[in-house]
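Have a look at protein02.cif below; it lists mmCIF, C-alpha atoms.
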data_work
#
loop_
_atom_site.label_atom_id
_atom_site.label_comp_id
_atom_site.auth_asym_id
_atom_site.auth_seq_id
_atom_site.Cartn_x
_atom_site.Cartn_y
_atom_site.Cartn_z
CA MET A 1 0.00 0.00 0.00
CA ARG A 2 1.33 3.38 -0.92
CA CYS A 3 0.86 6.46 1.11
CA TRP A 4 1.13 10.08 0.04
CA GLY A 5 1.50 12.78 2.54
CA GLY A 6 0.75 10.37 5.30
CA ARG A 7 -2.82 9.98 4.17
CA MET A 8 -4.79 6.89 3.16
CA ARG A 9 -7.48 7.07 0.42
CA ARG A 10 -10.37 4.63 0.54
CA VAL A 11 -12.61 3.91 -2.44
CA GLY A 12 -16.23 2.81 -1.86
CA LEU A 13 -18.14 0.48 -4.24
CA ALA A 14 -21.90 0.71 -4.55
CA VAL A 15 -23.77 -2.50 -5.46
CA LEU A 16 -27.31 -2.27 -6.97
CA LEU A 17 -29.63 -5.27 -6.77
CA GLY A 18 -32.74 -5.49 -8.95
CA MET A 19 -35.58 -8.00 -9.35
CA LEU A 20 -37.63 -8.55 -12.47
CA PRO A 21 -41.24 -9.77 -12.14
CA VAL A 22 -41.76 -13.28 -13.39
CA GLY A 23 -45.19 -14.57 -14.38
CA ALA A 24 -47.12 -11.52 -13.13
CA ALA A 25 -50.89 -11.96 -13.54
CA ALA A 26 -51.13 -8.38 -14.78
CA ASP A 27 -49.42 -9.49 -18.00
CA ILE A 28 -52.53 -11.49 -18.92
CA VAL A 29 -54.82 -9.42 -21.16
CA CYS A 30 -58.54 -10.22 -21.48
CA THR A 31 -61.49 -8.92 -23.49
CA VAL A 32 -65.17 -9.52 -22.73
CA THR A 33 -68.08 -9.53 -25.21
CA ALA A 34 -71.79 -10.31 -24.82
CA SER A 35 -74.58 -11.02 -27.28
CA ILE A 36 -77.68 -8.88 -27.83
CA ILE A 37 -81.05 -10.26 -26.74
CA SER A 38 -83.97 -9.24 -28.96
CA GLY A 39 -87.52 -10.53 -29.30
CA ASN A 40 -91.27 -9.96 -29.07
CA TYR A 41 -93.41 -9.73 -25.96
CA ASP A 42 -97.14 -10.36 -25.56
CA PRO A 43 -98.26 -9.28 -22.07
CA LEU A 44 -101.34 -11.50 -22.27
CA GLN A 45 -99.62 -14.74 -23.14
CA ILE A 46 -99.65 -17.44 -20.49
CA GLY A 47 -96.27 -17.55 -18.77
CA ASP A 48 -93.20 -15.35 -18.82
CA THR A 49 -91.19 -14.54 -21.95
CA ASP A 50 -87.72 -16.08 -21.68
CA ASP A 51 -84.60 -15.76 -23.81
CA ALA A 52 -80.86 -16.34 -23.50
CA GLY A 53 -77.53 -14.88 -24.57
CA THR A 54 -73.81 -15.59 -24.27
CA VAL A 55 -70.97 -13.73 -22.55
CA THR A 56 -67.46 -14.57 -23.79
CA LEU A 57 -64.05 -13.94 -22.22
CA GLN A 58 -60.94 -14.05 -24.47
CA CYS A 59 -57.49 -13.85 -22.85
CA THR A 60 -53.88 -13.88 -24.03
CA ARG A 61 -50.60 -14.30 -22.14
CA SER A 62 -46.89 -14.84 -22.65
CA LEU A 63 -45.42 -18.24 -21.87
CA SER A 64 -43.71 -16.82 -18.80
CA ASP A 65 -47.09 -15.87 -17.32
CA PRO A 66 -49.17 -18.21 -15.14
CA ASN A 67 -51.17 -20.74 -17.13
CA ARG A 68 -54.33 -20.18 -15.16
CA VAL A 69 -56.19 -17.21 -13.73
CA ARG A 70 -59.40 -16.68 -11.79
CA TYR A 71 -61.90 -14.16 -13.17
CA ARG A 72 -65.27 -12.59 -12.44
CA LEU A 73 -67.94 -11.60 -14.97
CA LYS A 74 -70.47 -9.03 -13.81
CA ALA A 75 -73.42 -7.20 -15.40
CA THR A 76 -74.63 -3.69 -14.57
CA ASP A 77 -78.30 -2.93 -13.94
CA GLY A 78 -78.67 -1.01 -17.21
CA LEU A 79 -79.62 2.57 -18.04
CA HIS A 80 -83.19 2.63 -16.77
CA ALA A 81 -83.14 0.58 -13.57
CA SER A 82 -85.37 1.42 -10.63
CA GLY A 83 -83.29 0.29 -7.68
CA SER A 84 -82.19 -3.22 -8.58
CA LEU A 85 -85.13 -3.72 -10.97
CA ARG A 86 -83.94 -3.70 -14.57
CA ARG A 87 -86.21 -1.95 -17.06
CA GLN A 88 -86.40 -1.37 -20.80
CA ARG A 89 -87.71 2.04 -21.88
CA ASN A 90 -90.22 2.70 -24.64
CA ALA A 91 -88.65 4.35 -27.68
CA VAL A 92 -91.42 6.97 -28.01
CA ASN A 93 -92.76 7.49 -24.47
CA ALA A 94 -89.83 7.84 -22.08
CA GLY A 95 -92.12 7.33 -19.08
CA VAL A 96 -93.21 3.79 -20.04
CA PHE A 97 -91.09 0.75 -19.16
CA LEU A 98 -90.97 -3.03 -19.33
CA ASP A 99 -89.52 -4.89 -16.35
CA TYR A 100 -87.04 -7.67 -17.05
CA GLY A 101 -84.33 -9.69 -15.35
CA LEU A 102 -80.95 -11.24 -16.16
CA PHE A 103 -79.85 -14.49 -14.56
CA ARG A 104 -76.90 -16.88 -14.39
CA ASP A 105 -78.97 -20.07 -14.42
CA ALA A 106 -81.68 -21.49 -16.66
CA ALA A 107 -84.11 -21.69 -13.74
CA ARG A 108 -83.72 -17.90 -13.47
CA SER A 109 -83.24 -18.00 -9.72
CA GLN A 110 -79.67 -16.62 -9.60
CA ARG A 111 -79.48 -12.95 -10.53
CA TRP A 112 -76.58 -11.75 -12.70
CA GLY A 113 -75.45 -8.43 -11.26
CA THR A 114 -72.58 -6.32 -9.97
CA SER A 115 -71.93 -7.85 -6.55
CA ASN A 116 -69.43 -10.66 -6.12
CA GLY A 117 -72.25 -12.96 -5.04
CA GLN A 118 -74.15 -12.28 -8.28
CA SER A 119 -71.15 -12.70 -10.59
CA ILE A 120 -69.87 -15.57 -12.70
CA THR A 121 -66.62 -16.50 -10.92
CA GLU A 122 -64.47 -19.24 -12.43
CA ARG A 123 -60.91 -20.16 -13.46
CA LEU A 124 -59.52 -19.91 -16.98
CA ASP A 125 -56.90 -22.52 -17.92
CA PHE A 126 -54.45 -21.83 -20.75
CA GLY A 127 -52.70 -25.19 -20.59
CA GLY A 128 -49.61 -24.72 -22.73
CA ALA A 129 -51.20 -22.14 -25.05
CA THR A 130 -50.83 -18.38 -25.07
CA SER A 131 -54.56 -17.75 -25.59
CA ALA A 132 -57.77 -19.12 -24.14
CA GLU A 133 -61.47 -18.44 -24.43
CA VAL A 134 -64.53 -19.33 -22.36
CA SER A 135 -68.24 -18.65 -22.93
CA TRP A 136 -71.09 -18.67 -20.45
CA PRO A 137 -74.83 -18.53 -21.13
CA PHE A 138 -76.95 -15.94 -19.40
CA TYR A 139 -80.73 -15.86 -19.28
CA SER A 140 -83.38 -13.15 -19.53
CA ARG A 141 -87.01 -13.01 -18.42
CA LEU A 142 -89.87 -10.60 -19.12
CA PRO A 143 -92.57 -11.29 -16.53
CA ALA A 144 -96.05 -11.93 -17.92
CA GLY A 145 -98.94 -9.57 -17.38
CA GLN A 146 -97.36 -6.17 -18.02
CA THR A 147 -100.53 -5.01 -19.76
CA GLY A 148 -100.09 -1.36 -18.80
CA ALA A 149 -97.16 -0.99 -21.20
CA ILE A 150 -97.96 0.44 -24.62
CA LEU A 151 -97.22 -0.91 -28.08
CA GLY A 152 -93.80 -0.33 -29.59
CA HIS A 153 -90.09 -0.91 -29.12
CA TYR A 154 -88.31 -1.02 -25.77
CA THR A 155 -84.54 -0.95 -25.20
CA ASP A 156 -81.92 -1.02 -22.48
CA THR A 157 -78.12 -1.20 -22.48
CA VAL A 158 -76.24 -3.34 -19.96
CA ILE A 159 -72.46 -3.38 -19.45
CA ALA A 160 -70.70 -6.73 -19.12
CA GLU A 161 -67.56 -6.39 -16.96
CA ALA A 162 -64.57 -8.74 -16.71
CA TYR A 163 -62.42 -8.62 -13.55
CA VAL A 164 -59.06 -10.34 -14.10
CA PRO A 165 -57.88 -11.51 -11.66
CA HIS A 166 -61.17 -12.03 -9.89
CA ASN A 167 -60.26 -9.80 -6.94
CA ALA A 168 -59.24 -6.80 -9.05
CA ALA A 169 -60.71 -3.48 -7.91
CA THR A 170 -61.68 -2.38 -11.43
CA PRO A 171 -62.69 -4.32 -14.54
CA MET A 172 -59.98 -5.16 -17.06
CA SER A 173 -62.53 -5.10 -19.88
CA SER A 174 -66.12 -4.01 -20.32
CA ALA A 175 -68.59 -4.23 -23.20
CA PRO A 176 -72.14 -2.94 -23.69
CA PHE A 177 -74.87 -5.24 -24.95
CA GLY A 178 -78.45 -4.44 -25.84
CA MET A 179 -81.79 -5.68 -24.58
CA THR A 180 -84.46 -4.99 -27.21
CA THR A 181 -88.14 -5.94 -27.08
CA THR A 182 -91.09 -5.28 -29.37
CA LEU A 183 -94.38 -5.27 -27.48
CA ILE A 184 -97.16 -6.60 -29.67
CA GLY A 185 -100.83 -5.68 -29.24
CA SER A 186 -103.24 -8.32 -28.04
CA CYS A 187 -106.61 -8.77 -26.35
CA GLY A 188 -108.09 -11.62 -24.37
CA LEU A 189 -111.33 -12.48 -22.63
CA THR A 190 -111.08 -12.07 -18.89
CA SER A 191 -114.52 -13.63 -18.49
CA ALA A 192 -116.53 -15.18 -21.31
CA PRO A 193 -120.17 -14.37 -22.13
CA GLY A 194 -122.80 -16.47 -20.42
CA THR A 195 -126.27 -17.41 -21.75
CA VAL A 196 -128.98 -14.96 -22.71
CA VAL A 197 -132.10 -16.53 -21.19
CA PHE A 198 -135.54 -15.25 -22.25
CA ASP A 199 -138.73 -15.97 -20.28
CA TYR A 200 -141.71 -15.13 -22.51
CA THR A 201 -145.44 -15.74 -22.38
CA SER A 202 -147.37 -16.02 -25.65
CA PHE A 203 -149.03 -12.77 -26.69
CA SER A 204 -147.37 -10.98 -23.83
CA ALA A 205 -148.37 -7.33 -23.59
CA VAL A 206 -144.81 -6.35 -22.65
CA PRO A 207 -141.51 -7.27 -24.26
CA SER A 208 -139.09 -9.67 -22.63
CA ALA A 209 -135.47 -8.58 -22.05
CA ALA A 210 -132.40 -10.58 -21.07
CA SER A 211 -128.64 -10.04 -21.09
CA THR A 212 -125.26 -11.48 -20.23
CA SER A 213 -121.93 -9.81 -19.57
CA PHE A 214 -118.30 -10.45 -20.44
CA SER A 215 -115.02 -8.70 -19.76
CA LEU A 216 -112.08 -8.07 -22.04
CA THR A 217 -108.48 -7.09 -21.32
CA CYS A 218 -106.40 -5.44 -24.03
CA VAL A 219 -102.88 -4.05 -23.95
CA ALA A 220 -102.86 -0.31 -23.26
CA ALA A 221 -103.70 1.89 -26.28
CA VAL A 222 -104.74 -1.08 -28.45
CA PRO A 223 -107.99 -0.31 -30.34
CA TYR A 224 -110.48 -3.11 -30.86
CA THR A 225 -113.94 -3.81 -32.23
CA LEU A 226 -116.68 -6.17 -31.09
CA ALA A 227 -119.25 -7.87 -33.30
CA LEU A 228 -121.91 -10.59 -33.10
CA ASP A 229 -122.39 -13.07 -35.92
CA ALA A 230 -126.10 -12.12 -35.94
CA THR A 231 -128.17 -9.41 -34.31
CA GLY A 232 -131.30 -11.52 -34.12
CA GLY A 233 -133.02 -14.82 -34.82
CA THR A 234 -136.10 -16.93 -34.17
CA LEU A 235 -136.74 -19.50 -31.44
CA ASN A 236 -140.07 -21.34 -31.06
CA GLY A 237 -141.56 -18.94 -33.57
CA LEU A 238 -140.54 -15.94 -31.47
CA SER A 239 -138.30 -13.32 -33.07
CA TYR A 240 -135.59 -11.88 -30.87
CA THR A 241 -132.89 -9.22 -31.24
CA LEU A 242 -129.36 -8.99 -29.84
CA GLY A 243 -127.02 -6.03 -29.41
CA LEU A 244 -123.76 -5.06 -27.74
CA SER A 245 -123.45 -2.37 -25.11
CA ALA A 246 -120.57 -0.90 -27.17
CA PRO A 247 -119.18 -1.87 -30.57
CA SER A 248 -115.54 -0.88 -29.93
CA GLY A 249 -113.03 0.35 -27.39
CA THR A 250 -109.40 1.02 -26.58
CA GLY A 251 -107.37 -1.12 -24.20
CA ASN A 252 -106.08 0.28 -20.94
CA GLY A 253 -104.35 -2.79 -19.57
CA SER A 254 -107.26 -3.65 -17.27
CA ALA A 255 -110.46 -5.65 -17.69
CA GLN A 256 -113.29 -3.77 -19.43
CA THR A 257 -116.87 -5.04 -19.10
CA PHE A 258 -119.55 -5.21 -21.81
CA THR A 259 -123.03 -6.69 -22.09
CA ILE A 260 -124.92 -8.56 -24.78
CA ASP A 261 -128.52 -7.38 -24.56
CA GLY A 262 -131.48 -9.27 -26.03
CA ALA A 263 -135.20 -8.60 -26.41
CA ILE A 264 -138.39 -10.33 -27.65
CA ALA A 265 -141.06 -7.87 -28.76
CA ALA A 266 -144.54 -8.00 -27.22
CA GLY A 267 -147.57 -9.55 -28.92
CA GLN A 268 -145.92 -12.65 -30.43
CA GLY A 269 -147.78 -15.96 -30.22
CA GLY A 270 -144.93 -18.28 -31.01
CA VAL A 271 -145.15 -22.02 -31.69
CA CYS A 272 -145.51 -24.32 -28.70
CA ALA A 273 -147.34 -27.67 -28.57
CA GLY A 274 -147.28 -27.93 -24.78
CA ALA A 275 -147.65 -25.82 -21.69
CA THR A 276 -144.00 -24.80 -21.87
CA CYS A 277 -141.42 -25.02 -24.60
CA SER A 278 -137.71 -24.29 -24.80
CA ALA A 279 -135.22 -23.85 -27.60
CA SER A 280 -131.67 -22.57 -28.01
CA GLU A 281 -129.08 -21.66 -30.58
CA THR A 282 -125.45 -20.53 -30.49
CA ARG A 283 -124.29 -17.05 -31.39
CA TYR A 284 -120.63 -15.96 -31.78
CA LEU A 285 -118.75 -12.90 -30.53
CA THR A 286 -115.78 -11.71 -32.58
CA ILE A 287 -113.07 -9.47 -31.15
CA THR A 288 -110.85 -7.75 -33.70
CA TYR A 289 -107.67 -5.85 -32.75
#
Encoding of this model in structure tokens:
Amino acid sequence: MRCWGGRMRRVGLAVLLGMLPVGAAADIVCTVTASIISGNYDPLQIGDTDDAGTVTLQCTRSLSDPNRVRYRLKATDGLHASGSLRRQRNAVNAGVFLDYGLFRDAARSQRWGTSNGQSITERLDFGGATSAEVSWPFYSRLPAGQTGAILGHYTDTVIAEAYVPHNAATPMSSAPFGMTTTLIGSCGLTSAPGTVVFDYTSFSAVPSAASTSFSLTCVAAVPYTLALDATGGTLNGLSYTLGLSAPSGTGNGSAQTFTIDGAIAAGQGGVCAGATCSASETRYLTITY
């Protein structure tokens, strides 16, 4: 060791250590897509209106990344929800809606939503590949009996969200998908007409009247007409007439009541070989909408 001027010089060496991430899950890149659900809806049909779609997750990785990853698929409540109730809005009247639901199971008992408990949570396996894809069905339901909704087109937009890994705070990918429904006009008998029963005495000085009622439910704003196949006839030689309390109407989503009114004019003798006689015939009511 050499010394100059009685002093010693020391040289320090700095050592830097670094670590490179290996197989980080963040290197996996995923994209989510979901299919549109579109169809018709008749509020008066028996049973709910069901349909189904598909949500697909496509992921890529490098070979140094893990070959499996857990993920969550969620669905927002849409643009027009009331609380947690999903709704489609009428294209013309912004204040009219159709209720619907999205589910993870075919029995439609497991809601598909934004909470972890309502998500599709599974594991994606790449094996030895650098890409993998998985698809899951989801199910929709329009409950029957929404007769207060008007004719026309209804829409909503839901966002499918993919969380990769499953415990990520924000979605890695999101995609909108549409819910579109055309509400068709229909009418149905809530209660059918009964029998018009006349009680008439030969050469009666007063006419005989009889009637029966029926009720009809039509989708809101649907116009309809009512007609009988005949407005009169003859039974036991007695001429009778029939008429409707109204020939037409417009649906309001609730039952509307009408009557079929009949009459036999006074002074008719009729044809009867015994003390009493009876006869009947069938008339038909037609509802057009």
Study note, to complete from the structure: CA of Thr157 in chain A sits from CA of Ser109 in chain A at a separation of 21.7 Å
Exercise for review: Please indicate the distance in Å from CA of Gly269 in chain A to CA of Tyr284 in chain A, rounded to one decimal place.
Suggested key: 27.2 Å
Please provide as a short mmCIF file (atom, residue, chain, number, x, y, z; two decimals) with C-alpha atoms, keeping the file's coordinate frame all residues within 6 Å of range 30-44 of chain A, with the sequence filter that same-chain residues fewer than 3 positions apart are discarded (counting all atoms listed in the file).
data_model
loop_
_atom_site.label_atom_id
_atom_site.label_comp_id
_atom_site.auth_asym_id
_atom_site.auth_seq_id
_atom_site.Cartn_x
_atom_site.Cartn_y
_atom_site.Cartn_z
CA GLY A 53 -77.53 -14.88 -24.57
CA THR A 54 -73.81 -15.59 -24.27
CA VAL A 55 -70.97 -13.73 -22.55
CA THR A 56 -67.46 -14.57 -23.79
CA LEU A 57 -64.05 -13.94 -22.22
CA GLN A 58 -60.94 -14.05 -24.47
CA CYS A 59 -57.49 -13.85 -22.85
CA ALA A 144 -96.05 -11.93 -17.92
CA GLY A 145 -98.94 -9.57 -17.38
CA GLN A 146 -97.36 -6.17 -18.02
CA THR A 147 -100.53 -5.01 -19.76
CA SER A 173 -62.53 -5.10 -19.88
CA ALA A 175 -68.59 -4.23 -23.20
CA PHE A 177 -74.87 -5.24 -24.95
CA GLY A 178 -78.45 -4.44 -25.84
CA MET A 179 -81.79 -5.68 -24.58
CA THR A 180 -84.46 -4.99 -27.21
CA THR A 181 -88.14 -5.94 -27.08
CA THR A 182 -91.09 -5.28 -29.37
CA LEU A 183 -94.38 -5.27 -27.48
CA ILE A 184 -97.16 -6.60 -29.67
#
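Reported to one decimal place, the separation of CA of Ala279 in chain A from CA of Gly233 in chain A is 11.8 Å.
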Exercise for review: Run through the PyMOL selection byres ((chain A and resi 64-70) around 6) on the given coordinates and return the selected residues as a list of chain:residue names.
Suggested key: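 Listing what the PyMOL selection byres ((chain A and resi 64-70) around 6) selects in the shown file: A:Gly23, A:Ser62, A:Leu63, A:Tyr71, A:Glu122, A:Arg123, A:Leu124, A:Asp125, A:Phe126, A:Gly127, A:Pro165, A:His166.
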Save the residues we just selected, C-alpha atoms, as a compact mmCIF listing (two decimals), in the frame of the given file?
# COMPACT_ATOMS: atom_id res chain seq x y z
CA GLY A 23 -45.19 -14.57 -14.38
CA SER A 62 -46.89 -14.84 -22.65
CA LEU A 63 -45.42 -18.24 -21.87
CA TYR A 71 -61.90 -14.16 -13.17
CA GLU A 122 -64.47 -19.24 -12.43
CA ARG A 123 -60.91 -20.16 -13.46
CA LEU A 124 -59.52 -19.91 -16.98
CA ASP A 125 -56.90 -22.52 -17.92
CA PHE A 126 -54.45 -21.83 -20.75
CA GLY A 127 -52.70 -25.19 -20.59
CA PRO A 165 -57.88 -11.51 -11.66
CA HIS A 166 -61.17 -12.03 -9.89
Check your understanding: Evaluating the PyMOL selection byres ((chain A and resi 230) around 8) on the displayed file yields which residues, as a ChimeraX atom specification?
Key -> /A:228-229,231-233,242,283-284
The PyMOL selection byres ((chain A and resi 188-203) around 9) applied to the shown file, residues as a PDB file with C-alpha atoms, in the frame of the given file:
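part-v9.pdb written:
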ATOM      1  CA  LEU A  44    -101.340 -11.500 -22.270  1.00  0.00           C
ATOM      2  CA  SER A 186    -103.240  -8.320 -28.040  1.00  0.00           C
ATOM      3  CA  CYS A 187    -106.610  -8.770 -26.350  1.00  0.00           C
ATOM      4  CA  SER A 204    -147.370 -10.980 -23.830  1.00  0.00           C
ATOM      5  CA  ALA A 205    -148.370  -7.330 -23.590  1.00  0.00           C
ATOM      6  CA  VAL A 206    -144.810  -6.350 -22.650  1.00  0.00           C
ATOM      7  CA  PRO A 207    -141.510  -7.270 -24.260  1.00  0.00           C
ATOM      8  CA  SER A 208    -139.090  -9.670 -22.630  1.00  0.00           C
ATOM      9  CA  ALA A 209    -135.470  -8.580 -22.050  1.00  0.00           C
ATOM     10  CA  ALA A 210    -132.400 -10.580 -21.070  1.00  0.00           C
ATOM     11  CA  SER A 211    -128.640 -10.040 -21.090  1.00  0.00           C
ATOM     12  CA  THR A 212    -125.260 -11.480 -20.230  1.00  0.00           C
ATOM     13  CA  SER A 213    -121.930  -9.810 -19.570  1.00  0.00           C
ATOM     14  CA  PHE A 214    -118.300 -10.450 -20.440  1.00  0.00           C
ATOM     15  CA  SER A 215    -115.020  -8.700 -19.760  1.00  0.00           C
ATOM     16  CA  LEU A 216    -112.080  -8.070 -22.040  1.00  0.00           C
ATOM     17  CA  THR A 217    -108.480  -7.090 -21.320  1.00  0.00           C
ATOM     18  CA  CYS A 218    -106.400  -5.440 -24.030  1.00  0.00           C
ATOM     19  CA  LEU A 238    -140.540 -15.940 -31.470  1.00  0.00           C
ATOM     20  CA  ALA A 255    -110.460  -5.650 -17.690  1.00  0.00           C
ATOM     21  CA  GLN A 256    -113.290  -3.770 -19.430  1.00  0.00           C
ATOM     22  CA  THR A 257    -116.870  -5.040 -19.100  1.00  0.00           C
ATOM     23  CA  THR A 259    -123.030  -6.690 -22.090  1.00  0.00           C
ATOM     24  CA  ILE A 260    -124.920  -8.560 -24.780  1.00  0.00           C
ATOM     25  CA  ASP A 261    -128.520  -7.380 -24.560  1.00  0.00           C
ATOM     26  CA  GLY A 262    -131.480  -9.270 -26.030  1.00  0.00           C
ATOM     27  CA  ALA A 263    -135.200  -8.600 -26.410  1.00  0.00           C
ATOM     28  CA  ILE A 264    -138.390 -10.330 -27.650  1.00  0.00           C
ATOM     29  CA  ALA A 266    -144.540  -8.000 -27.220  1.00  0.00           C
ATOM     30  CA  GLY A 267    -147.570  -9.550 -28.920  1.00  0.00           C
ATOM     31  CA  GLN A 268    -145.920 -12.650 -30.430  1.00  0.00           C
ATOM     32  CA  GLY A 269    -147.780 -15.960 -30.220  1.00  0.00           C
ATOM     33  CA  GLY A 270    -144.930 -18.280 -31.010  1.00  0.00           C
ATOM     34  CA  VAL A 271    -145.150 -22.020 -31.690  1.00  0.00           C
ATOM     35  CA  LEU A 285    -118.750 -12.900 -30.530  1.00  0.00           C
ATOM     36  CA  ILE A 287    -113.070  -9.470 -31.150  1.00  0.00           C
TER      37      ILE A 287
END
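Among the candidates A:Thr121, A:Thr225, A:Thr130, A:Asn167, the one nearest to Phe258 in chain A when counting only C-alpha atoms is A:Thr225.
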**Study point:** Counting only C-alpha atoms, the option among A:Ile150, A:Gly274, A:Val219, A:Thr282 closest to Asn90 in chain A
**Key:**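 Closest to Asn90 in chain A, using only C-alpha atoms: A:Ile150.
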Considering all atoms listed in the file, give me a table of residues in range 26-90 of chain A that are at most 9 Å from range 114-117 of chain A, with the closest atom pair and distance in Å for each, as a tab-separated table.
residue	atom	partner	partner_atom	distance
A:Arg72	CA	A:Asn116	CA	7.8
A:Leu73	CA	A:Thr114	CA	8.6
A:Lys74	CA	A:Thr114	CA	5.2
A:Ala75	CA	A:Thr114	CA	5.6
A:Thr76	CA	A:Thr114	CA	5.7
A:Asp77	CA	A:Thr114	CA	7.7
Could the residues in this selection be saved with C-alpha atoms as a CSV table (one decimal), in the coordinates of the input?
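The resulting selection_3.csv:
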chain,number,residue,atom,x,y,z
A,72,ARG,CA,-65.3,-12.6,-12.4
A,73,LEU,CA,-67.9,-11.6,-15.0
A,74,LYS,CA,-70.5,-9.0,-13.8
A,75,ALA,CA,-73.4,-7.2,-15.4
A,76,THR,CA,-74.6,-3.7,-14.6
A,77,ASP,CA,-78.3,-2.9,-13.9
Exercise for review: Choose the residue, out of A:Glu161, A:Thr60, A:Gly185, A:Val29, that has the smallest atom-to-atom separation from Ala129 in chain A; count all atoms listed in the file.
Suggested key: A:Thr60
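For the set A:Pro143, A:Pro223, A:Gly128, A:Gly253, the residue with the smallest atom-to-atom gap to Leu85 in chain A is A:Pro143, counting only C-alpha atoms.
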Review point. Taking into account all atoms listed in the file, which residue in the set A:Gly251, A:Gly78, A:Pro171, A:Gly95 is nearest to Asp156 in chain A?
Key: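 For Asp156 in chain A, the nearest of the given residues is A:Gly78.
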Missing atoms in range 64-69 of chain A: can you complete it with all heavy atoms, as a JSON list (two decimals), keeping the file's coordinate frame?
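Heads up, here's the output in part_35.json:
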[["chain", "number", "residue", "atom", "x", "y", "z"],
["A", 64, "SER", "N", -44.27, -16.99, -20.13],
["A", 64, "SER", "CA", -43.71, -16.82, -18.80],
["A", 64, "SER", "C", -44.77, -16.47, -17.76],
["A", 64, "SER", "O", -44.50, -16.45, -16.57],
["A", 64, "SER", "CB", -42.63, -15.72, -18.81],
["A", 64, "SER", "OG", -43.19, -14.49, -19.24],
["A", 65, "ASP", "N", -46.00, -16.18, -18.23],
["A", 65, "ASP", "CA", -47.09, -15.87, -17.32],
["A", 65, "ASP", "C", -47.72, -17.14, -16.75],
["A", 65, "ASP", "O", -47.53, -18.23, -17.32],
["A", 65, "ASP", "CB", -48.18, -15.07, -18.05],
["A", 65, "ASP", "CG", -47.71, -13.69, -18.46],
["A", 65, "ASP", "OD1", -46.91, -13.11, -17.71],
["A", 65, "ASP", "OD2", -48.13, -13.22, -19.53],
["A", 66, "PRO", "N", -48.46, -17.03, -15.66],
["A", 66, "PRO", "CA", -49.17, -18.21, -15.14],
["A", 66, "PRO", "C", -50.09, -18.80, -16.21],
["A", 66, "PRO", "O", -50.59, -18.09, -17.07],
["A", 66, "PRO", "CB", -49.98, -17.64, -13.97],
["A", 66, "PRO", "CG", -49.26, -16.39, -13.58],
["A", 66, "PRO", "CD", -48.70, -15.83, -14.83],
["A", 67, "ASN", "N", -50.32, -20.10, -16.13],
["A", 67, "ASN", "CA", -51.17, -20.74, -17.13],
["A", 67, "ASN", "C", -52.61, -20.88, -16.68],
["A", 67, "ASN", "O", -53.40, -21.56, -17.32],
["A", 67, "ASN", "CB", -50.60, -22.11, -17.52],
["A", 67, "ASN", "CG", -50.66, -23.10, -16.36],
["A", 67, "ASN", "OD1", -50.97, -22.73, -15.23],
["A", 67, "ASN", "ND2", -50.34, -24.35, -16.66],
["A", 68, "ARG", "N", -52.95, -20.21, -15.60],
["A", 68, "ARG", "CA", -54.33, -20.18, -15.16],
["A", 68, "ARG", "C", -54.58, -18.90, -14.38],
["A", 68, "ARG", "O", -53.66, -18.34, -13.78],
["A", 68, "ARG", "CB", -54.66, -21.40, -14.30],
["A", 68, "ARG", "CG", -53.87, -21.51, -13.02],
["A", 68, "ARG", "CD", -54.19, -22.78, -12.26],
["A", 68, "ARG", "NE", -53.87, -23.96, -13.04],
["A", 68, "ARG", "CZ", -53.99, -25.20, -12.59],
["A", 68, "ARG", "NH1", -54.47, -25.41, -11.37],
["A", 68, "ARG", "NH2", -53.68, -26.23, -13.33],
["A", 69, "VAL", "N", -55.83, -18.44, -14.43],
["A", 69, "VAL", "CA", -56.19, -17.21, -13.73],
["A", 69, "VAL", "C", -57.67, -17.26, -13.37],
["A", 69, "VAL", "O", -58.49, -17.78, -14.13],
["A", 69, "VAL", "CB", -55.88, -15.96, -14.59],
["A", 69, "VAL", "CG1", -56.75, -15.94, -15.85],
["A", 69, "VAL", "CG2", -56.07, -14.68, -13.81]]
